[in-house]
$ cat structure.cif   # mmCIF, C-alpha atoms
data_upload
#
loop_
_atom_site.label_atom_id
_atom_site.label_comp_id
_atom_site.auth_asym_id
_atom_site.auth_seq_id
_atom_site.Cartn_x
_atom_site.Cartn_y
_atom_site.Cartn_z
CA GLU U 1 133.44 177.75 129.94
CA SER U 2 134.88 176.52 133.15
CA GLY U 3 137.95 175.18 131.48
CA THR U 4 137.14 171.62 132.37
CA ARG U 5 137.04 169.05 129.54
CA SER U 6 134.38 166.26 129.41
CA ALA U 7 135.40 162.61 129.17
CA PRO U 8 135.57 161.33 125.60
CA LEU U 9 132.68 159.01 124.40
CA PRO U 10 133.52 155.37 123.64
CA PRO U 11 133.96 154.59 119.98
CA ALA U 12 130.84 153.39 118.10
CA ARG U 13 130.53 149.69 117.60
CA ALA U 14 130.41 148.29 114.15
CA GLY U 15 126.85 147.59 112.92
CA GLY U 16 125.73 144.06 113.60
CA SER U 17 123.51 141.76 111.65
CA GLY U 18 120.47 142.30 113.87
CA ALA U 19 120.62 138.75 115.19
CA LEU U 20 119.20 138.02 118.60
CA ARG U 21 121.90 137.43 121.21
CA VAL U 22 121.13 134.64 123.65
CA PRO U 23 123.18 133.13 126.46
CA ASP U 24 125.59 130.42 125.49
CA SER U 25 123.68 127.79 127.54
CA ILE U 26 120.47 128.37 125.56
CA ALA U 27 122.32 128.50 122.25
CA ALA U 28 123.84 125.10 123.02
CA ARG U 29 120.40 123.61 123.60
CA LEU U 30 119.11 125.00 120.31
CA GLY U 31 121.93 123.29 118.51
CA GLY U 32 122.74 126.07 116.12
CA GLY U 33 121.27 127.19 112.81
CA ALA U 34 122.24 124.07 110.89
CA THR U 35 120.40 121.84 113.33
CA LEU U 36 117.29 124.01 113.23
CA ALA U 37 117.28 123.91 109.44
CA ALA U 38 117.61 120.12 109.46
CA HIS U 39 114.77 119.92 111.98
CA GLY U 40 112.51 121.95 109.70
CA ARG U 41 113.36 119.83 106.67
CA ARG U 42 112.52 116.67 108.61
CA ARG U 43 109.13 118.05 109.59
CA THR U 44 108.44 119.00 105.98
CA VAL U 45 109.27 115.49 104.76
CA LEU U 46 107.03 113.95 107.44
CA ALA U 47 104.16 116.26 106.48
CA TRP U 48 104.42 115.21 102.82
CA ILE U 49 104.50 111.52 103.79
CA LEU U 50 101.44 112.02 105.98
CA TRP U 51 99.53 113.72 103.16
CA ALA U 52 100.46 111.05 100.60
CA ALA U 53 99.53 108.21 102.96
CA LEU U 54 96.15 109.76 103.78
CA VAL U 55 95.30 110.30 100.10
CA THR U 56 96.28 106.72 99.27
CA ALA U 57 94.24 105.29 102.14
CA LEU U 58 91.16 107.35 101.22
CA ALA U 59 91.42 106.15 97.61
CA GLY U 60 90.58 102.63 98.90
CA PRO U 61 93.18 100.52 97.08
CA ARG U 62 92.36 96.83 96.78
CA LEU U 63 93.95 93.76 95.26
CA VAL U 64 91.93 91.42 93.02
CA LEU U 65 93.02 87.84 93.72
CA PRO U 66 92.64 84.72 91.58
CA ALA U 67 89.29 83.13 92.44
CA ALA U 68 89.86 79.51 91.45
CA ALA U 69 89.62 78.50 95.13
CA LEU U 70 85.92 79.49 95.26
CA PRO U 71 84.11 78.65 92.02
CA ALA U 72 80.49 79.72 91.72
CA SER U 73 77.90 77.02 91.14
CA GLY U 74 75.53 79.29 89.24
CA ARG U 75 72.78 78.31 91.73
CA GLU U 76 70.61 80.76 93.64
CA ILE U 77 68.90 79.48 96.81
CA VAL U 78 66.50 81.39 99.07
CA LEU U 79 65.48 79.97 102.44
CA ALA U 80 61.93 81.14 103.24
CA LEU U 81 61.43 80.75 106.99
CA ASP U 82 58.19 80.86 108.97
CA LEU U 83 58.57 83.16 112.03
CA SER U 84 55.00 82.85 113.28
CA GLY U 85 54.20 82.55 116.98
CA SER U 86 53.94 78.74 116.85
CA MET U 87 57.69 78.54 116.17
CA GLU U 88 58.16 79.24 119.89
CA ARG U 89 56.60 75.90 120.84
CA VAL U 90 59.04 73.70 122.76
CA ASP U 91 58.51 70.26 121.21
CA PHE U 92 61.93 69.56 119.64
CA SER U 93 65.18 68.49 121.28
CA ILE U 94 68.90 69.10 120.78
CA GLU U 95 71.40 66.85 122.57
CA GLY U 96 68.79 65.76 125.08
CA ARG U 97 67.52 69.30 125.82
CA ASN U 98 63.99 70.38 124.98
CA VAL U 99 64.10 73.39 122.65
CA SER U 100 61.72 75.45 120.55
CA ARG U 101 61.02 74.70 116.91
CA LEU U 102 62.88 77.85 115.93
CA ALA U 103 65.96 76.85 117.94
CA ALA U 104 66.08 73.51 116.13
CA VAL U 105 65.72 75.22 112.74
CA LYS U 106 68.50 77.65 113.60
CA ARG U 107 70.85 74.84 114.58
CA VAL U 108 70.26 72.66 111.52
CA GLY U 109 69.59 75.49 109.06
CA ALA U 110 72.78 77.40 109.88
CA GLU U 111 74.84 74.25 109.32
CA PHE U 112 73.06 73.68 106.00
CA LEU U 113 73.77 77.24 104.83
CA ARG U 114 77.45 77.07 105.76
CA ARG U 115 77.81 73.97 103.56
CA ARG U 116 76.55 75.84 100.49
CA ALA U 117 79.89 77.45 99.53
CA GLY U 118 79.75 78.50 95.89
CA ASP U 119 75.98 79.14 95.92
CA ARG U 120 74.35 82.52 96.31
CA ILE U 121 72.13 82.29 99.38
CA GLY U 122 69.33 84.56 100.60
CA LEU U 123 66.95 84.53 103.57
CA VAL U 124 63.28 85.58 103.59
CA VAL U 125 61.24 85.54 106.81
CA PHE U 126 57.46 85.70 106.95
CA ALA U 127 54.54 85.82 109.39
CA ASP U 128 51.91 88.60 109.12
CA GLN U 129 54.14 90.06 106.43
CA ALA U 130 57.24 88.99 104.53
CA ASP U 131 60.68 90.60 104.65
CA VAL U 132 64.13 90.00 103.14
CA ALA U 133 66.42 89.29 106.07
CA ALA U 134 69.47 88.65 103.87
CA SER U 135 69.86 89.45 100.17
CA LEU U 136 71.35 86.87 97.82
CA THR U 137 75.08 86.66 98.49
CA PHE U 138 78.04 84.28 98.28
CA ASP U 139 78.79 85.08 101.93
CA THR U 140 77.05 82.03 103.37
CA GLU U 141 78.54 82.69 106.81
CA ALA U 142 76.80 86.07 107.00
CA VAL U 143 73.44 84.54 106.03
CA ALA U 144 73.90 81.76 108.61
CA ARG U 145 74.55 84.37 111.33
CA THR U 146 71.43 86.27 110.25
CA LEU U 147 69.40 83.07 110.60
CA GLU U 148 70.83 82.48 114.07
CA GLU U 149 69.72 85.98 115.12
CA ALA U 150 66.11 85.58 113.85
CA ARG U 151 63.38 86.13 116.45
CA VAL U 152 59.66 85.41 116.53
CA GLY U 153 57.69 88.65 116.34
CA LEU U 154 59.96 90.48 113.90
CA VAL U 155 57.30 90.33 111.15
CA GLY U 156 54.22 89.44 113.20
CA ARG U 157 52.85 86.18 114.61
CA SER U 158 50.47 84.80 111.95
CA THR U 159 51.45 82.60 108.97
CA GLY U 160 51.51 84.18 105.51
CA ILE U 161 53.03 81.33 103.49
CA GLY U 162 51.88 82.71 100.13
CA ASP U 163 53.40 86.15 100.72
CA GLY U 164 56.68 84.68 102.00
CA LEU U 165 57.02 82.42 98.98
CA GLY U 166 56.02 85.25 96.63
CA LEU U 167 58.78 87.52 97.98
CA ALA U 168 61.34 84.73 97.60
CA LEU U 169 60.26 84.23 93.97
CA LYS U 170 60.52 87.96 93.31
CA ARG U 171 64.13 88.00 94.51
CA LEU U 172 65.07 84.91 92.54
CA ASP U 173 63.40 86.06 89.33
CA ALA U 174 65.70 89.11 89.25
CA ALA U 175 68.82 87.01 90.00
CA PRO U 176 71.21 86.08 87.15
CA GLY U 177 71.75 82.43 88.11
CA ARG U 178 70.60 79.61 85.85
CA SER U 179 69.42 77.33 88.69
CA LYS U 180 66.97 78.82 91.21
CA VAL U 181 65.57 77.11 94.29
CA VAL U 182 63.39 78.06 97.27
CA VAL U 183 63.53 76.03 100.48
CA LEU U 184 60.23 76.86 102.23
CA LEU U 185 59.87 75.91 105.89
CA SER U 186 56.63 76.35 107.84
CA ASP U 187 54.99 74.86 110.94
CA GLY U 188 51.48 76.20 110.36
CA ALA U 189 48.67 76.83 107.90
CA ASN U 190 48.34 79.86 105.64
CA ASN U 191 46.16 82.36 107.55
CA ALA U 192 47.57 85.76 106.56
CA GLY U 193 48.66 87.67 103.49
CA GLN U 194 47.13 88.48 100.12
CA THR U 195 48.01 85.34 98.14
CA THR U 196 47.44 81.61 98.44
CA PRO U 197 50.34 79.11 98.44
CA HIS U 198 48.94 77.20 95.44
CA ASP U 199 48.68 80.31 93.25
CA VAL U 200 52.26 81.29 94.08
CA ALA U 201 53.43 77.73 93.40
CA GLU U 202 51.97 77.96 89.90
CA LEU U 203 53.92 81.19 89.40
CA ALA U 204 57.09 79.40 90.54
CA ARG U 205 56.49 76.72 87.89
CA GLU U 206 56.10 79.38 85.19
CA LEU U 207 59.34 81.03 86.30
CA GLY U 208 61.22 77.73 86.38
CA ILE U 209 61.93 77.96 90.12
CA ARG U 210 61.77 74.76 92.17
CA VAL U 211 60.33 74.92 95.67
CA HIS U 212 61.32 72.31 98.25
CA THR U 213 58.93 72.45 101.22
CA ILE U 214 59.50 71.38 104.82
CA ALA U 215 56.40 70.77 106.97
CA LEU U 216 57.61 71.19 110.55
CA GLY U 217 55.93 69.94 113.72
CA PRO U 218 54.88 66.73 115.49
CA ARG U 219 51.24 66.99 114.29
CA GLU U 220 49.47 68.23 111.19
CA THR U 221 45.99 69.26 110.19
CA GLY U 222 43.59 66.35 110.63
CA GLU U 223 45.60 64.88 113.51
CA ALA U 224 44.73 67.48 116.16
CA ASP U 225 41.22 68.89 116.07
CA GLY U 226 40.91 72.42 117.36
CA ASP U 227 44.66 73.08 117.64
CA PRO U 228 45.54 76.10 115.48
CA ASP U 229 49.29 75.57 115.73
CA VAL U 230 49.64 72.49 113.53
CA VAL U 231 51.24 72.35 110.12
CA ASP U 232 49.28 72.12 106.88
CA ALA U 233 51.48 69.41 105.36
CA ARG U 234 49.03 68.82 102.51
CA ALA U 235 49.22 72.43 101.31
CA LEU U 236 53.03 72.41 101.47
CA ARG U 237 53.13 69.14 99.54
CA ASP U 238 50.95 70.72 96.86
CA VAL U 239 53.34 73.68 96.60
CA ALA U 240 56.34 71.37 96.10
CA GLU U 241 54.63 69.13 93.54
CA THR U 242 53.23 72.08 91.57
CA SER U 243 56.63 73.77 91.29
CA GLY U 244 58.63 70.62 90.57
CA GLY U 245 60.30 70.41 93.97
CA ARG U 246 60.27 67.89 96.83
CA ALA U 247 58.11 67.87 99.97
CA PHE U 248 59.55 66.80 103.32
CA ARG U 249 57.79 66.01 106.60
CA VAL U 250 59.74 66.83 109.78
CA ARG U 251 58.59 65.75 113.26
CA THR U 252 61.93 65.68 115.14
CA THR U 253 65.34 67.36 115.04
CA ASP U 254 66.82 64.20 113.51
CA ASP U 255 64.24 64.40 110.72
CA LEU U 256 65.25 68.02 110.12
CA ALA U 257 68.95 67.12 109.87
CA ALA U 258 68.11 64.30 107.41
CA VAL U 259 66.10 66.72 105.26
CA ALA U 260 69.02 69.17 105.13
CA GLU U 261 71.27 66.35 103.88
CA SER U 262 68.66 65.31 101.30
CA ILE U 263 68.43 68.85 99.93
CA ASP U 264 72.24 68.95 99.77
CA GLU U 265 72.09 65.86 97.56
CA LEU U 266 69.28 67.26 95.41
CA GLU U 267 71.19 70.50 94.84
CA ALA U 268 74.71 69.08 94.73
CA ASP U 269 75.61 69.78 91.09
CA ARG U 270 78.61 72.10 90.69
CA ALA U 271 78.45 72.97 87.01
CA PRO U 272 81.15 75.32 85.70
CA ALA U 273 80.31 78.99 86.07
CA PRO U 274 82.21 82.27 86.21
CA PRO U 275 84.39 82.34 89.33
CA VAL U 276 83.64 84.65 92.20
CA PRO U 277 86.11 87.58 92.26
CA LEU U 278 87.97 87.82 95.56
CA ARG U 279 89.20 91.23 96.69
CA ARG U 280 91.56 92.23 99.47
CA ASP U 281 91.48 95.79 100.79
CA LEU U 282 94.92 97.44 101.05
CA TRP U 283 93.93 100.78 102.63
CA PRO U 284 94.93 99.69 106.21
CA TRP U 285 98.60 99.81 105.22
CA PRO U 286 98.76 103.46 104.10
CA GLY U 287 96.35 104.25 106.95
CA ALA U 288 98.80 102.79 109.46
CA LEU U 289 101.67 104.72 107.84
CA ALA U 290 99.66 107.95 108.14
CA LEU U 291 99.05 107.28 111.83
CA LEU U 292 102.72 106.60 112.55
CA THR U 293 103.76 109.70 110.60
CA ALA U 294 101.30 111.86 112.56
CA VAL U 295 102.78 110.54 115.81
CA ALA U 296 106.31 111.30 114.57
CA LEU U 297 105.26 114.87 113.66
CA LEU U 298 103.80 115.36 117.11
CA LEU U 299 106.99 114.14 118.75
CA THR U 300 109.19 116.44 116.64
CA ARG U 301 107.04 119.41 117.59
CA ARG U 302 107.41 118.60 121.29
CA GLY U 303 111.14 118.19 120.82
CA ALA U 304 111.35 121.67 119.27
#

$ encode --input "structure.cif" --output "structure tokens"
Amino acid sequence: ESGTRSAPLPPARAGGSGALRVPDSIAARLGGGATLAAHGRRRTVLAWILWAALVTALAGPRLVLPAAALPASGREIVLALDLSGSMERVDFSIEGRNVSRLAAVKRVGAEFLRRRAGDRIGLVVFADQADVAASLTFDTEAVARTLEEARVGLVGRSTGIGDGLGLALKRLDAAPGRSKVVVLLSDGANNAGQTTPHDVAELARELGIRVHTIALGPRETGEADGDPDVVDARALRDVAETSGGRAFRVRTTDDLAAVAESIDELEADRAPAPPVPLRRDLWPWPGALALLTAVALLLTRRGA
């Protein structure tokens, strides 16, 4: 031993809690433990709101409204429209402009369909084959838009009147309405399909379905030798008379508009029937709440 004495060690510090020590400037920004706890609780509440809103929106809530404003007539109407190649012929006019037969039918037919509120309306198109363009529905606006979008060539270019009428009858026979009507419009003669118009008209009579026919075009068979694109007005008249309907002859756009008004008068009865239920979807409201809550959660995370 050299006789020298070492310097005493500093006294031991009392044991701490193990908490992390940070500079005062950073601690001030964190806001203290109480603030952090409140921040976590807020995020938890937002997460629960988000979950509840999403579940509610996905459940598809809807409100059933009183339907007295739109009573159903109990009538089912199918428009059977010829979309053969001859419908492209430009021999009609609208407001002084020369237009195709199909353009004139679209203009007048869409207006006719939009006036049929309370009826269930369907649309069948035919040429080489027949197809349901719009199923029977109370949404007359949707059927009118479908008519306005119709194009020649969708179902061929020939004229299968029997098949088009047969498909319309098939749809109406399965419908629940008590009054069933087909409005059949053609500008040609039956030259395609597996059935004849007269045979299908007899079926319509057995089913109790009236068929109103519209023979469209300036000329008809017997008036223009050798022209294949003329309407067989006699065959369409036979279809109407056999089924108990009315036959109309249309040579101009004005004639077509007059026919639409006449059919409105023929099918104008609004007998009492069960009202159409109206529904309003409510899911956009919880969906919007879920979106806003998700944004709030994102902002709180960035603020942390």

$ atom_distance --input "structure.cif" --atom1 "CA of Gly156 in chain U" --atom2 "CA of Gly217 in chain U"
19.6 Å

$ residues_around --input "structure.cif" --residues "Leu292 in chain U" --least-positions-apart "5" --cutoff "12 Å" --atoms "only C-alpha atoms" --output "list in words"
Leu46, Ala47, Ile49, Leu50, Ala53, Leu54, Trp285, Pro286, Gly287, Leu297, Leu298 and Leu299 of chain U

$ atom_distance --input "structure.cif" --atom1 "CA of Arg107 in chain U" --atom2 "CA of Thr137 in chain U"
20.4 Å

$ atom_distance --input "structure.cif" --atom1 "CA of Val90 in chain U" --atom2 "CA of Thr253 in chain U"
11.8 Å

$ closest_residue --input "structure.cif" --among "U:Val152, U:Ala59, U:Met87, U:Leu172" --to "Pro284 in chain U" --atoms "only C-alpha atoms"
U:Ala59

$ closest_residue --input "structure.cif" --among "U:Leu282, U:Leu83, U:Ile209, U:Leu58" --to "Lys180 in chain U" --atoms "all atoms listed in the file"
U:Ile209

$ residues_near_point --input "structure.cif" --point "(61.4, 67.1, 119.9)" --cutoff "9 Å" --atoms "all atoms listed in the file" --output "VMD selection string"
chain U and resid 90 to 94 97 to 101 104 217 to 218 251 to 254

$ write_last_selection --input "structure.cif" --atoms "C-alpha atoms" --output "PDB file, keeping the file's coordinate frame"
ATOM      1  CA  VAL U  90      59.040  73.700 122.760  1.00  0.00           C
ATOM      2  CA  ASP U  91      58.510  70.260 121.210  1.00  0.00           C
ATOM      3  CA  PHE U  92      61.930  69.560 119.640  1.00  0.00           C
ATOM      4  CA  SER U  93      65.180  68.490 121.280  1.00  0.00           C
ATOM      5  CA  ILE U  94      68.900  69.100 120.780  1.00  0.00           C
ATOM      6  CA  ARG U  97      67.520  69.300 125.820  1.00  0.00           C
ATOM      7  CA  ASN U  98      63.990  70.380 124.980  1.00  0.00           C
ATOM      8  CA  VAL U  99      64.100  73.390 122.650  1.00  0.00           C
ATOM      9  CA  SER U 100      61.720  75.450 120.550  1.00  0.00           C
ATOM     10  CA  ARG U 101      61.020  74.700 116.910  1.00  0.00           C
ATOM     11  CA  ALA U 104      66.080  73.510 116.130  1.00  0.00           C
ATOM     12  CA  GLY U 217      55.930  69.940 113.720  1.00  0.00           C
ATOM     13  CA  PRO U 218      54.880  66.730 115.490  1.00  0.00           C
ATOM     14  CA  ARG U 251      58.590  65.750 113.260  1.00  0.00           C
ATOM     15  CA  THR U 252      61.930  65.680 115.140  1.00  0.00           C
ATOM     16  CA  THR U 253      65.340  67.360 115.040  1.00  0.00           C
ATOM     17  CA  ASP U 254      66.820  64.200 113.510  1.00  0.00           C
TER      18      ASP U 254
END

$ residues_near_point --input "structure.cif" --point "(70.2, 88.7, 103.1)" --cutoff "10 Å" --atoms "only C-alpha atoms" --output "VMD selection string"
chain U and resid 78 to 79 121 to 124 131 to 137 139 to 140 142 to 144 146 to 147

$ resolve_selection --input "structure.cif" --expression "the PyMOL selection byres ((chain U and resi 116) around 10)" --output "CSV table (one decimal) with C-alpha atoms, in the frame of the given file"
chain,number,residue,atom,x,y,z
U,73,SER,CA,77.9,77.0,91.1
U,75,ARG,CA,72.8,78.3,91.7
U,77,ILE,CA,68.9,79.5,96.8
U,111,GLU,CA,74.8,74.2,109.3
U,112,PHE,CA,73.1,73.7,106.0
U,113,LEU,CA,73.8,77.2,104.8
U,114,ARG,CA,77.4,77.1,105.8
U,115,ARG,CA,77.8,74.0,103.6
U,117,ALA,CA,79.9,77.4,99.5
U,118,GLY,CA,79.8,78.5,95.9
U,119,ASP,CA,76.0,79.1,95.9
U,120,ARG,CA,74.4,82.5,96.3
U,121,ILE,CA,72.1,82.3,99.4
U,138,PHE,CA,78.0,84.3,98.3
U,139,ASP,CA,78.8,85.1,101.9
U,140,THR,CA,77.0,82.0,103.4
U,141,GLU,CA,78.5,82.7,106.8
U,264,ASP,CA,72.2,69.0,99.8
U,267,GLU,CA,71.2,70.5,94.8
U,268,ALA,CA,74.7,69.1,94.7

$ residues_around --input "structure.cif" --residues "Gln129 in chain U" --least-positions-apart "2" --cutoff "6 Å" --atoms "all atoms listed in the file" --output "short mmCIF file (atom, residue, chain, number, x, y, z; two decimals) with C-alpha atoms, in the coordinates of the input"
data_model
loop_
_atom_site.label_atom_id
_atom_site.label_comp_id
_atom_site.auth_asym_id
_atom_site.auth_seq_id
_atom_site.Cartn_x
_atom_site.Cartn_y
_atom_site.Cartn_z
CA PHE U 126 57.46 85.70 106.95
CA ALA U 127 54.54 85.82 109.39
CA VAL U 155 57.30 90.33 111.15
#

$ axis_aligned_box --input "structure.cif" --around "range 196-203 of chain U" --padding-each-side "6 Å" --output "lines of an AutoDock Vina configuration file"
center_x = 50.7
center_y = 79.4
center_z = 93.9
size_x = 18.5
size_y = 16.4
size_z = 21.0

$ residues_around --input "structure.cif" --residues "range 242-246 of chain U" --least-positions-apart "5" --cutoff "6 Å" --atoms "all atoms listed in the file" --output "PyMOL selection string"
chain U and resi 201+204-205+210-212

$ closest_residue --input "structure.cif" --among "U:Leu154, U:Val295, U:Ala103, U:Ile214" --to "Ala258 in chain U" --atoms "only C-alpha atoms"
U:Ile214

$ closest_residue --input "structure.cif" --among "U:Thr56, U:Thr300, U:Ser179, U:Thr196" --to "Arg43 in chain U" --atoms "all atoms listed in the file"
U:Thr300

$ closest_residue --input "structure.cif" --among "U:Arg301, U:His198, U:Arg219, U:Arg279" --to "Val239 in chain U" --atoms "all atoms listed in the file"
U:His198

$ residues_around --input "structure.cif" --residues "Thr195 in chain U" --least-positions-apart "5" --cutoff "12 Å" --atoms "only C-alpha atoms" --output "PyMOL selection string"
chain U and resi 129-130+159-167+190+200-203

$ closest_residue --input "structure.cif" --among "U:Leu63, U:Ala215, U:Val250, U:Ala260" --to "Arg234 in chain U" --atoms "all atoms listed in the file"
U:Ala215

$ build_atoms --input "structure.cif" --residues "range 112-121 of chain U" --atoms "all heavy atoms" --output "mmCIF file, in the frame of the given file"
data_model
loop_
_atom_site.group_PDB
_atom_site.id
_atom_site.type_symbol
_atom_site.label_atom_id
_atom_site.label_comp_id
_atom_site.auth_asym_id
_atom_site.auth_seq_id
_atom_site.Cartn_x
_atom_site.Cartn_y
_atom_site.Cartn_z
ATOM 1 N N PHE U 112 73.369 73.889 107.419
ATOM 2 C CA PHE U 112 73.060 73.680 106.000
ATOM 3 C C PHE U 112 73.573 74.845 105.157
ATOM 4 O O PHE U 112 74.199 74.640 104.102
ATOM 5 C CB PHE U 112 71.552 73.530 105.827
ATOM 6 C CG PHE U 112 71.078 73.626 104.408
ATOM 7 C CD1 PHE U 112 71.249 72.563 103.532
ATOM 8 C CD2 PHE U 112 70.472 74.781 103.927
ATOM 9 C CE1 PHE U 112 70.808 72.645 102.215
ATOM 10 C CE2 PHE U 112 70.026 74.873 102.622
ATOM 11 C CZ PHE U 112 70.200 73.807 101.761
ATOM 12 N N LEU U 113 73.340 76.074 105.603
ATOM 13 C CA LEU U 113 73.770 77.240 104.830
ATOM 14 C C LEU U 113 75.283 77.313 104.722
ATOM 15 O O LEU U 113 75.815 77.662 103.662
ATOM 16 C CB LEU U 113 73.229 78.517 105.489
ATOM 17 C CG LEU U 113 71.703 78.688 105.474
ATOM 18 C CD1 LEU U 113 71.311 79.952 106.212
ATOM 19 C CD2 LEU U 113 71.165 78.716 104.047
ATOM 20 N N ARG U 114 75.980 76.992 105.785
ATOM 21 C CA ARG U 114 77.450 77.070 105.760
ATOM 22 C C ARG U 114 78.055 76.029 104.824
ATOM 23 O O ARG U 114 79.199 76.175 104.397
ATOM 24 C CB ARG U 114 77.998 76.899 107.174
ATOM 25 C CG ARG U 114 77.710 78.087 108.093
ATOM 26 C CD ARG U 114 78.386 77.953 109.444
ATOM 27 N NE ARG U 114 78.265 79.183 110.220
ATOM 28 C CZ ARG U 114 77.389 79.363 111.211
ATOM 29 N NH1 ARG U 114 76.576 78.369 111.567
ATOM 30 N NH2 ARG U 114 77.331 80.519 111.847
ATOM 31 N N ARG U 115 77.308 74.991 104.497
ATOM 32 C CA ARG U 115 77.810 73.970 103.560
ATOM 33 C C ARG U 115 77.596 74.369 102.105
ATOM 34 O O ARG U 115 78.055 73.660 101.201
ATOM 35 C CB ARG U 115 77.109 72.623 103.813
ATOM 36 C CG ARG U 115 77.455 71.962 105.115
ATOM 37 C CD ARG U 115 77.063 70.493 105.088
ATOM 38 N NE ARG U 115 75.634 70.291 104.908
ATOM 39 C CZ ARG U 115 74.754 70.133 105.896
ATOM 40 N NH1 ARG U 115 75.180 70.185 107.152
ATOM 41 N NH2 ARG U 115 73.477 69.924 105.636
ATOM 42 N N ARG U 116 76.918 75.472 101.847
ATOM 43 C CA ARG U 116 76.550 75.840 100.490
ATOM 44 C C ARG U 116 77.579 76.763 99.826
ATOM 45 O O ARG U 116 77.217 77.616 99.010
ATOM 46 C CB ARG U 116 75.178 76.509 100.464
ATOM 47 C CG ARG U 116 74.053 75.716 101.069
ATOM 48 C CD ARG U 116 73.934 74.339 100.502
ATOM 49 N NE ARG U 116 73.808 74.327 99.050
ATOM 50 C CZ ARG U 116 73.665 73.243 98.336
ATOM 51 N NH1 ARG U 116 73.658 72.056 98.910
ATOM 52 N NH2 ARG U 116 73.547 73.334 97.027
ATOM 53 N N ALA U 117 78.849 76.616 100.143
ATOM 54 C CA ALA U 117 79.890 77.450 99.530
ATOM 55 C C ALA U 117 79.824 77.328 98.012
ATOM 56 O O ALA U 117 79.745 76.232 97.463
ATOM 57 C CB ALA U 117 81.269 77.019 100.029
ATOM 58 N N GLY U 118 79.844 78.475 97.334
ATOM 59 C CA GLY U 118 79.750 78.500 95.890
ATOM 60 C C GLY U 118 78.362 78.863 95.396
ATOM 61 O O GLY U 118 78.195 79.247 94.241
ATOM 62 N N ASP U 119 77.344 78.723 96.261
ATOM 63 C CA ASP U 119 75.980 79.140 95.920
ATOM 64 C C ASP U 119 75.754 80.570 96.413
ATOM 65 O O ASP U 119 76.390 81.013 97.370
ATOM 66 C CB ASP U 119 74.942 78.234 96.589
ATOM 67 C CG ASP U 119 74.975 76.812 96.052
ATOM 68 O OD1 ASP U 119 75.460 76.625 94.924
ATOM 69 O OD2 ASP U 119 74.520 75.906 96.760
ATOM 70 N N ARG U 120 74.822 81.244 95.765
ATOM 71 C CA ARG U 120 74.350 82.520 96.310
ATOM 72 C C ARG U 120 73.119 82.229 97.154
ATOM 73 O O ARG U 120 72.153 81.638 96.682
ATOM 74 C CB ARG U 120 74.005 83.506 95.192
ATOM 75 C CG ARG U 120 75.211 84.138 94.563
ATOM 76 C CD ARG U 120 74.988 85.587 94.173
ATOM 77 N NE ARG U 120 73.738 85.809 93.462
ATOM 78 C CZ ARG U 120 73.219 87.015 93.257
ATOM 79 N NH1 ARG U 120 73.814 88.074 93.749
ATOM 80 N NH2 ARG U 120 72.097 87.158 92.568
ATOM 81 N N ILE U 121 73.163 82.644 98.421
ATOM 82 C CA ILE U 121 72.130 82.290 99.380
ATOM 83 C C ILE U 121 71.421 83.556 99.864
ATOM 84 O O ILE U 121 72.052 84.591 100.091
ATOM 85 C CB ILE U 121 72.731 81.549 100.597
ATOM 86 C CG1 ILE U 121 73.485 80.306 100.139
ATOM 87 C CG2 ILE U 121 71.647 81.179 101.596
ATOM 88 C CD1 ILE U 121 72.606 79.228 99.562
#
